[in-house]
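This is work29.cif. It holds mmCIF, C-alpha atoms.
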data_work
loop_
_atom_site.label_atom_id
_atom_site.label_comp_id
_atom_site.auth_asym_id
_atom_site.auth_seq_id
_atom_site.Cartn_x
_atom_site.Cartn_y
_atom_site.Cartn_z
CA MET A 273 48.14 -16.08 -4.39
CA THR A 274 45.49 -18.32 -2.84
CA ARG A 275 41.85 -18.00 -3.79
CA GLU A 276 40.99 -16.43 -0.45
CA GLU A 277 43.79 -13.87 -0.88
CA ARG A 278 42.49 -13.10 -4.36
CA VAL A 279 38.96 -12.55 -3.02
CA SER A 280 40.28 -10.26 -0.28
CA SER A 281 42.25 -8.23 -2.84
CA LEU A 282 39.16 -7.84 -5.04
CA ILE A 283 37.09 -6.75 -2.04
CA ASP A 284 39.73 -4.22 -1.07
CA TYR A 285 39.77 -2.78 -4.59
CA LEU A 286 35.99 -2.37 -4.74
CA LYS A 287 35.86 -0.83 -1.26
CA HIS A 288 38.41 1.77 -2.30
CA GLU A 289 36.29 2.68 -5.34
CA ASP A 290 33.62 4.05 -3.00
CA TYR A 291 34.63 5.58 0.33
CA GLY A 292 31.13 4.85 1.61
CA TYR A 293 32.27 1.23 1.94
CA ALA A 294 35.25 2.05 4.14
CA ALA A 295 33.50 0.90 7.31
CA LEU A 296 32.54 -2.48 5.83
CA GLN A 297 34.08 -5.28 7.84
CA GLU A 298 35.45 -8.19 5.83
CA PRO A 299 34.05 -11.50 7.11
CA VAL A 300 36.41 -13.99 8.70
CA ASN A 301 35.32 -17.10 6.77
CA TYR A 302 35.74 -17.60 3.02
CA GLU A 303 32.01 -18.02 2.30
CA GLY A 304 31.28 -14.66 3.89
CA LYS A 305 34.11 -13.00 1.97
CA ARG A 306 32.89 -14.44 -1.33
CA ARG A 307 29.35 -13.29 -0.65
CA LEU A 308 30.61 -9.78 0.15
CA LEU A 309 32.59 -9.72 -3.09
CA ARG A 310 29.52 -10.73 -5.10
CA SER A 311 27.48 -8.06 -3.32
CA LEU A 312 30.03 -5.36 -4.13
CA MET A 313 30.10 -6.47 -7.76
CA ASN A 314 26.29 -6.45 -7.88
CA VAL A 315 25.94 -2.87 -6.63
CA ARG A 316 28.87 -1.49 -8.63
CA PHE A 317 27.88 1.05 -11.27
CA PRO A 318 29.33 0.67 -14.78
CA GLY A 319 32.88 1.89 -15.12
CA GLY A 320 36.42 0.91 -15.93
CA ALA A 321 38.71 -1.09 -13.68
CA THR A 322 42.43 -1.77 -13.63
CA GLU A 323 43.86 -4.60 -15.67
CA GLU A 324 45.09 -6.19 -12.44
CA PHE A 325 41.56 -6.25 -11.01
CA LEU A 326 40.11 -7.76 -14.19
CA GLN A 327 42.79 -10.44 -14.32
CA MET A 328 42.17 -11.43 -10.68
CA GLN A 329 38.39 -11.40 -11.17
CA ASP A 330 38.59 -13.46 -14.36
CA ALA A 331 40.91 -16.02 -12.77
CA LEU A 332 38.54 -16.42 -9.82
CA LEU A 333 35.43 -16.81 -11.97
CA LYS A 334 37.13 -19.31 -14.27
CA GLU A 335 38.26 -21.38 -11.29
CA GLU A 336 34.72 -21.41 -9.91
CA LEU A 337 33.30 -22.38 -13.30
CA ALA A 338 35.73 -25.28 -13.59
CA GLU A 339 34.59 -26.52 -10.18
CA LYS A 340 30.90 -26.22 -11.06
CA GLY A 341 31.55 -28.05 -14.33
CA ILE A 342 30.84 -26.98 -17.89
CA VAL A 343 27.91 -28.66 -19.64
CA GLY A 344 28.32 -28.85 -23.42
CA VAL A 345 25.31 -28.60 -25.69
CA GLU A 346 26.55 -31.70 -27.50
CA ASP A 347 26.13 -33.64 -24.24
CA LEU A 348 22.42 -32.81 -23.96
CA PRO A 349 19.98 -35.30 -25.50
CA VAL A 350 17.30 -33.98 -27.82
CA ILE A 351 13.72 -34.31 -26.63
CA GLY A 352 12.90 -36.76 -29.42
CA ALA A 353 15.21 -39.30 -27.80
CA ILE A 354 13.40 -39.10 -24.46
CA TYR A 355 9.78 -37.99 -24.91
CA PRO A 356 7.01 -38.94 -27.39
CA CYS A 357 6.65 -35.29 -28.57
CA VAL A 358 3.78 -36.10 -30.91
CA ALA A 359 2.80 -32.45 -31.51
CA ILE A 360 6.36 -31.12 -31.92
CA LYS A 361 8.06 -31.12 -35.32
CA ASN A 362 11.67 -30.26 -34.47
CA VAL A 363 12.33 -32.94 -31.87
CA ASP A 364 15.92 -33.29 -33.11
CA LYS A 365 16.72 -29.60 -32.49
CA ILE A 366 15.29 -29.07 -28.99
CA SER A 367 16.69 -30.09 -25.59
CA LEU A 368 15.43 -29.72 -22.03
CA TRP A 369 17.96 -29.30 -19.24
CA ARG A 370 17.54 -28.53 -15.56
CA GLY A 371 20.47 -26.75 -13.96
CA ASP A 372 22.53 -23.58 -13.66
CA ILE A 373 22.44 -21.75 -17.01
CA THR A 374 25.85 -20.19 -16.29
CA ARG A 375 27.38 -23.68 -16.76
CA LEU A 376 26.06 -24.16 -20.31
CA SER A 377 28.55 -24.10 -23.17
CA VAL A 378 26.35 -22.89 -26.02
CA ASP A 379 26.74 -20.10 -28.54
CA ALA A 380 24.39 -17.91 -26.48
CA ILE A 381 22.35 -18.02 -23.31
CA VAL A 382 19.30 -15.81 -22.82
CA ASN A 383 19.09 -13.42 -19.89
CA ALA A 384 15.70 -12.27 -18.61
CA ALA A 385 16.69 -8.63 -18.15
CA ASN A 386 14.97 -5.50 -16.87
CA SER A 387 14.34 -2.44 -19.02
CA GLN A 388 17.56 -0.71 -17.84
CA LEU A 389 19.50 -3.72 -19.19
CA LEU A 390 22.26 -3.21 -16.61
CA GLY A 391 21.75 -6.33 -14.54
CA CYS A 392 20.36 -6.74 -11.03
CA PHE A 393 21.74 -4.30 -8.43
CA VAL A 394 20.27 -6.18 -5.44
CA PRO A 395 23.17 -7.87 -3.60
CA CYS A 396 23.16 -11.65 -4.14
CA HIS A 397 19.59 -11.63 -5.43
CA GLY A 398 18.25 -14.97 -6.63
CA CYS A 399 17.15 -13.81 -10.10
CA ILE A 400 18.78 -15.12 -13.27
CA ASP A 401 19.88 -11.59 -14.22
CA ASN A 402 21.99 -11.44 -11.07
CA ALA A 403 23.37 -14.94 -11.55
CA ILE A 404 24.47 -14.27 -15.13
CA HIS A 405 26.12 -10.93 -14.38
CA SER A 406 27.83 -12.35 -11.28
CA ALA A 407 29.30 -15.25 -13.26
CA ALA A 408 30.26 -13.15 -16.28
CA GLY A 409 32.06 -10.39 -14.37
CA ILE A 410 31.83 -6.62 -14.29
CA GLN A 411 32.65 -6.37 -18.00
CA LEU A 412 29.13 -7.52 -18.86
CA ARG A 413 27.47 -4.57 -17.11
CA ASN A 414 29.95 -2.21 -18.74
CA GLU A 415 29.09 -3.47 -22.22
CA CYS A 416 25.36 -3.28 -21.46
CA ALA A 417 25.83 0.32 -20.30
CA GLU A 418 27.54 1.19 -23.58
CA LEU A 419 24.63 -0.30 -25.53
CA MET A 420 22.05 1.60 -23.50
CA GLU A 421 23.95 4.87 -23.75
CA ALA A 422 24.07 4.52 -27.52
CA GLN A 423 20.37 3.63 -27.61
CA GLY A 424 19.35 6.57 -25.43
CA HIS A 425 16.24 5.00 -23.93
CA GLU A 426 15.11 1.96 -21.96
CA GLU A 427 14.93 -1.40 -23.68
CA PRO A 428 11.40 -2.10 -25.00
CA THR A 429 9.60 -5.26 -23.95
CA GLY A 430 10.00 -8.12 -26.40
CA LYS A 431 13.19 -6.90 -28.09
CA ALA A 432 16.70 -8.37 -27.76
CA LYS A 433 20.30 -7.21 -27.44
CA ILE A 434 23.51 -9.25 -27.66
CA THR A 435 26.75 -8.94 -25.70
CA ARG A 436 29.83 -11.04 -25.17
CA GLY A 437 29.74 -13.75 -22.51
CA TYR A 438 33.09 -12.87 -20.87
CA ASN A 439 33.71 -15.45 -18.11
CA LEU A 440 30.69 -17.55 -18.98
CA PRO A 441 31.17 -20.72 -21.04
CA ALA A 442 28.59 -19.29 -23.46
CA ARG A 443 30.17 -17.07 -26.13
CA TYR A 444 27.35 -14.54 -26.01
CA VAL A 445 24.44 -13.38 -23.86
CA LEU A 446 21.12 -12.39 -25.40
CA HIS A 447 19.28 -9.92 -23.19
CA THR A 448 15.50 -9.63 -23.50
CA VAL A 449 12.87 -7.85 -21.41
CA GLY A 450 9.74 -9.91 -20.83
CA PRO A 451 6.28 -8.60 -19.95
CA ILE A 452 5.40 -7.86 -16.32
CA VAL A 453 2.07 -9.48 -15.44
CA GLY A 454 -0.45 -7.97 -13.02
CA MET A 455 -3.72 -9.59 -12.02
CA GLU A 456 -4.07 -11.58 -15.24
CA VAL A 457 -2.24 -12.14 -18.51
CA THR A 458 -3.38 -9.96 -21.41
CA GLU A 459 -3.24 -10.83 -25.10
CA LYS A 460 -0.65 -8.10 -25.54
CA GLN A 461 1.58 -9.72 -22.92
CA LYS A 462 1.29 -13.09 -24.65
CA GLU A 463 2.47 -11.48 -27.89
CA GLU A 464 5.28 -9.68 -26.06
CA LEU A 465 6.54 -12.94 -24.59
CA LYS A 466 6.37 -14.57 -28.00
CA SER A 467 8.41 -11.64 -29.36
CA CYS A 468 11.11 -12.23 -26.73
CA TYR A 469 11.70 -15.74 -28.09
CA LEU A 470 11.41 -14.73 -31.74
CA ASN A 471 13.75 -11.74 -31.49
CA CYS A 472 16.37 -13.71 -29.57
CA MET A 473 16.40 -16.43 -32.24
CA LYS A 474 16.44 -13.90 -35.07
CA LEU A 475 19.35 -12.03 -33.52
CA ALA A 476 21.23 -15.27 -32.85
CA GLU A 477 20.74 -16.37 -36.44
CA LYS A 478 21.78 -12.94 -37.75
CA LYS A 479 25.05 -13.33 -35.82
CA GLY A 480 25.61 -16.78 -37.33
CA LEU A 481 25.06 -18.62 -34.03
CA LYS A 482 23.93 -22.23 -34.04
CA SER A 483 22.89 -22.96 -30.44
CA ILE A 484 20.92 -20.96 -27.90
CA ALA A 485 19.67 -21.69 -24.37
CA PHE A 486 16.52 -20.00 -23.11
CA CYS A 487 15.70 -19.40 -19.47
CA CYS A 488 12.05 -19.22 -18.37
CA ILE A 489 11.47 -15.62 -19.46
CA SER A 490 9.12 -13.53 -17.26
CA THR A 491 8.07 -16.40 -14.98
CA GLY A 492 10.02 -15.24 -11.92
CA GLU A 493 9.92 -11.66 -10.72
CA PHE A 494 7.65 -10.71 -13.64
CA HIS A 495 4.91 -13.21 -12.59
CA PHE A 496 4.00 -14.73 -15.96
CA PRO A 497 2.25 -18.07 -15.22
CA GLY A 498 4.75 -20.87 -15.78
CA LYS A 499 2.52 -23.26 -17.71
CA LEU A 500 1.29 -20.65 -20.16
CA ALA A 501 4.80 -19.23 -20.59
CA ALA A 502 6.15 -22.70 -21.43
CA GLN A 503 3.39 -23.33 -23.95
CA ILE A 504 4.15 -20.04 -25.71
CA ALA A 505 7.89 -20.77 -25.61
CA VAL A 506 7.64 -24.27 -27.07
CA GLU A 507 5.12 -23.35 -29.78
CA THR A 508 7.13 -20.27 -30.83
CA VAL A 509 10.48 -22.04 -30.90
CA ASP A 510 9.17 -25.12 -32.70
CA ARG A 511 7.51 -23.04 -35.41
CA TYR A 512 10.62 -20.90 -35.90
CA LEU A 513 12.99 -23.86 -36.12
CA SER A 514 11.08 -25.28 -39.06
CA SER A 515 12.64 -22.65 -41.31
CA SER A 516 15.79 -21.71 -39.38
CA ALA A 517 19.51 -22.43 -39.56
CA LEU A 518 19.66 -22.78 -35.77
CA GLU A 519 20.77 -26.28 -34.89
CA ARG A 520 19.86 -26.52 -31.21
CA VAL A 521 17.60 -24.69 -28.78
CA VAL A 522 17.85 -25.62 -25.11
CA PHE A 523 15.02 -24.91 -22.68
CA ASN A 524 16.88 -24.36 -19.44
CA VAL A 525 14.93 -24.63 -16.19
CA PHE A 526 16.09 -24.32 -12.61
CA LYS A 527 13.01 -25.15 -10.54
CA GLU A 528 11.52 -28.65 -10.39
CA GLU A 529 8.08 -27.13 -11.00
CA ASP A 530 9.19 -25.69 -14.36
CA PHE A 531 10.98 -28.93 -15.25
CA ASN A 532 7.74 -30.87 -14.76
CA ILE A 533 5.77 -28.35 -16.84
CA TYR A 534 8.09 -28.81 -19.83
CA LYS A 535 8.18 -32.61 -19.45
CA LYS A 536 4.38 -32.70 -19.58
CA LEU A 537 4.37 -30.56 -22.72
CA PHE A 538 6.83 -32.89 -24.42
CA ARG A 539 4.87 -35.96 -23.40
#

Structure encoded using structure tokens:
Amino acid sequence: MTREERVSSLIDYLKHEDYGYAALQEPVNYEGKRRLLRSLMNVRFPGGATEEFLQMQDALLKEELAEKGIVGVEDLPVIGAIYPCVAIKNVDKISLWRGDITRLSVDAIVNAANSQLLGCFVPCHGCIDNAIHSAAGIQLRNECAELMEAQGHEEPTGKAKITRGYNLPARYVLHTVGPIVGMEVTEKQKEELKSCYLNCMKLAEKKGLKSIAFCCISTGEFHFPGKLAAQIAVETVDRYLSSSALERVVFNVFKEEDFNIYKKLFR
């Protein structure tokens, strides 16, 4: 079965799950088909799927990951080898990397989640929550749903949950809900953001993990100012690493603006 045939089969399966999608026309070109498949995966509510579907989905996502290229944490230089880092103590445990977090082979990547903790339901949305769930596969939303059902209420801001990584190169995903900023940042929101970083590291350490990659929590859809968020992140992580068994923390950025903010902090 070719990749295009696999994508068409996956689309057909998801369309048959909901008769409301019966009128959806499958695009002619591969790019359109792949975008439709991602959209259908994004809007799909938690629930089981056949073993055949999961095998086809997993094979597709693993092929795409191989093409994107896996980036190992051991291949990332520590900041002490690149920047002066005069004010930072743990220069041998921290890395800065700009790129797609779904390519990182670390023990855990951090997902900036919403309070429902089920991923982004907006088709092909540009948020990191959507990107992580799309690359991991539908199993990630299903596991998140099980966690939330057991919890019985929305995820509080500043806490953290852990799930498997499924088709990601990372073994686990740490889900944390950052503060949503209005007109200006409050002291409470600063503490909540700090808690996101602390609770992710504590949970990772509790699970015996050694490496973790943080995204820029709350700086996107939640409007936390990037410079202040980075300062809180670096100070919190550096202080925690001084008495932690964690061996590497990666600050992962996607935008050039965020990359420059972190470089200035390390200089």

Using Å and a single decimal, report how far atom CA of A:Ile283 sits from atom CA of A:Ser377.
28.6 Å

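The residue that comes closest to A:Asn414, out of A:Ile342, A:Leu337, A:Ala321, A:Ile533 and on the basis of only C-alpha atoms, is A:Ala321.
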
Which residues fall under the PyMOL selection byres ((chain A and resi 291-306) around 12) in this file, as a PyMOL selection string?
chain A and resi 274-290+307-313+315-316+329+332-333+336+395-396+406

Once the PyMOL selection byres ((chain A and resi 424-433) around 7) is applied to the coordinates I shared, what remains selected? I want it as a VMD selection string.
chain A and resid 387 to 389 420 to 423 434 to 435 446 to 451 464 to 465 467 to 468 471 to 472

Kindly export the residues of the current selection with C-alpha atoms, as a PDB file, keeping the file's coordinate frame.
ATOM      1  CA  SER A 387      14.340  -2.440 -19.020  1.00  0.00           C
ATOM      2  CA  GLN A 388      17.560  -0.710 -17.840  1.00  0.00           C
ATOM      3  CA  LEU A 389      19.500  -3.720 -19.190  1.00  0.00           C
ATOM      4  CA  MET A 420      22.050   1.600 -23.500  1.00  0.00           C
ATOM      5  CA  GLU A 421      23.950   4.870 -23.750  1.00  0.00           C
ATOM      6  CA  ALA A 422      24.070   4.520 -27.520  1.00  0.00           C
ATOM      7  CA  GLN A 423      20.370   3.630 -27.610  1.00  0.00           C
ATOM      8  CA  ILE A 434      23.510  -9.250 -27.660  1.00  0.00           C
ATOM      9  CA  THR A 435      26.750  -8.940 -25.700  1.00  0.00           C
ATOM     10  CA  LEU A 446      21.120 -12.390 -25.400  1.00  0.00           C
ATOM     11  CA  HIS A 447      19.280  -9.920 -23.190  1.00  0.00           C
ATOM     12  CA  THR A 448      15.500  -9.630 -23.500  1.00  0.00           C
ATOM     13  CA  VAL A 449      12.870  -7.850 -21.410  1.00  0.00           C
ATOM     14  CA  GLY A 450       9.740  -9.910 -20.830  1.00  0.00           C
ATOM     15  CA  PRO A 451       6.280  -8.600 -19.950  1.00  0.00           C
ATOM     16  CA  GLU A 464       5.280  -9.680 -26.060  1.00  0.00           C
ATOM     17  CA  LEU A 465       6.540 -12.940 -24.590  1.00  0.00           C
ATOM     18  CA  SER A 467       8.410 -11.640 -29.360  1.00  0.00           C
ATOM     19  CA  CYS A 468      11.110 -12.230 -26.730  1.00  0.00           C
ATOM     20  CA  ASN A 471      13.750 -11.740 -31.490  1.00  0.00           C
ATOM     21  CA  CYS A 472      16.370 -13.710 -29.570  1.00  0.00           C
TER      22      CYS A 472
END

List as a PyMOL selection string the protein and nucleic acid residues near A:Pro497, meaning an atom at most 10 Å away when all atoms listed in the file are counted, but skip any in the same chain fewer than 6 places from it.
chain A and resi 453+456-457+490-491

Ground truth for the PyMOL selection byres ((chain A and resi 380) around 12), written as a PyMOL selection string
chain A and resi 345+373-379+381-383+404+433-438+440-447+472-473+475-477+479-487+518+520-522

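Between atom CA of A:Glu507 and atom CA of A:Asp347 there is a distance of 24.0 Å.
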
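Here atom CA of A:Ile354 stands at a distance of 27.2 Å from atom CA of A:Gly492.
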
Taking 4 positions as the minimum chain separation for residues in the same chain, which residues sit within 8 Å of stretch 355-369 of chain A when counting all atoms listed in the file? Answer as a PyMOL selection string.
chain A and resi 348-351+510+513-514+519-525+534-535+537-539

Kindly save the residues from that selection, with C-alpha atoms included, as a CSV table (one decimal), in the coordinates of the input.
chain,number,residue,atom,x,y,z
A,348,LEU,CA,22.4,-32.8,-24.0
A,349,PRO,CA,20.0,-35.3,-25.5
A,350,VAL,CA,17.3,-34.0,-27.8
A,351,ILE,CA,13.7,-34.3,-26.6
A,510,ASP,CA,9.2,-25.1,-32.7
A,513,LEU,CA,13.0,-23.9,-36.1
A,514,SER,CA,11.1,-25.3,-39.1
A,519,GLU,CA,20.8,-26.3,-34.9
A,520,ARG,CA,19.9,-26.5,-31.2
A,521,VAL,CA,17.6,-24.7,-28.8
A,522,VAL,CA,17.8,-25.6,-25.1
A,523,PHE,CA,15.0,-24.9,-22.7
A,524,ASN,CA,16.9,-24.4,-19.4
A,525,VAL,CA,14.9,-24.6,-16.2
A,534,TYR,CA,8.1,-28.8,-19.8
A,535,LYS,CA,8.2,-32.6,-19.4
A,537,LEU,CA,4.4,-30.6,-22.7
A,538,PHE,CA,6.8,-32.9,-24.4
A,539,ARG,CA,4.9,-36.0,-23.4

Close residues, A:Lys527 itself excluded, 10 Å, only C-alpha atoms, min 2 positions apart in chain, as a PyMOL selection string
chain A and resi 370-371+488+524-525+529-532

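Between A:Val506 and the candidates A:Phe317, A:Phe526, A:Phe325, A:Tyr469, the tightest atom-to-atom separation, counting only C-alpha atoms, involves A:Tyr469.
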
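If you measure from each of A:Glu463, A:Phe496, A:Asn314, A:Ala417 to A:Ala403 using only C-alpha atoms, the closest one turns out to be A:Asn314.
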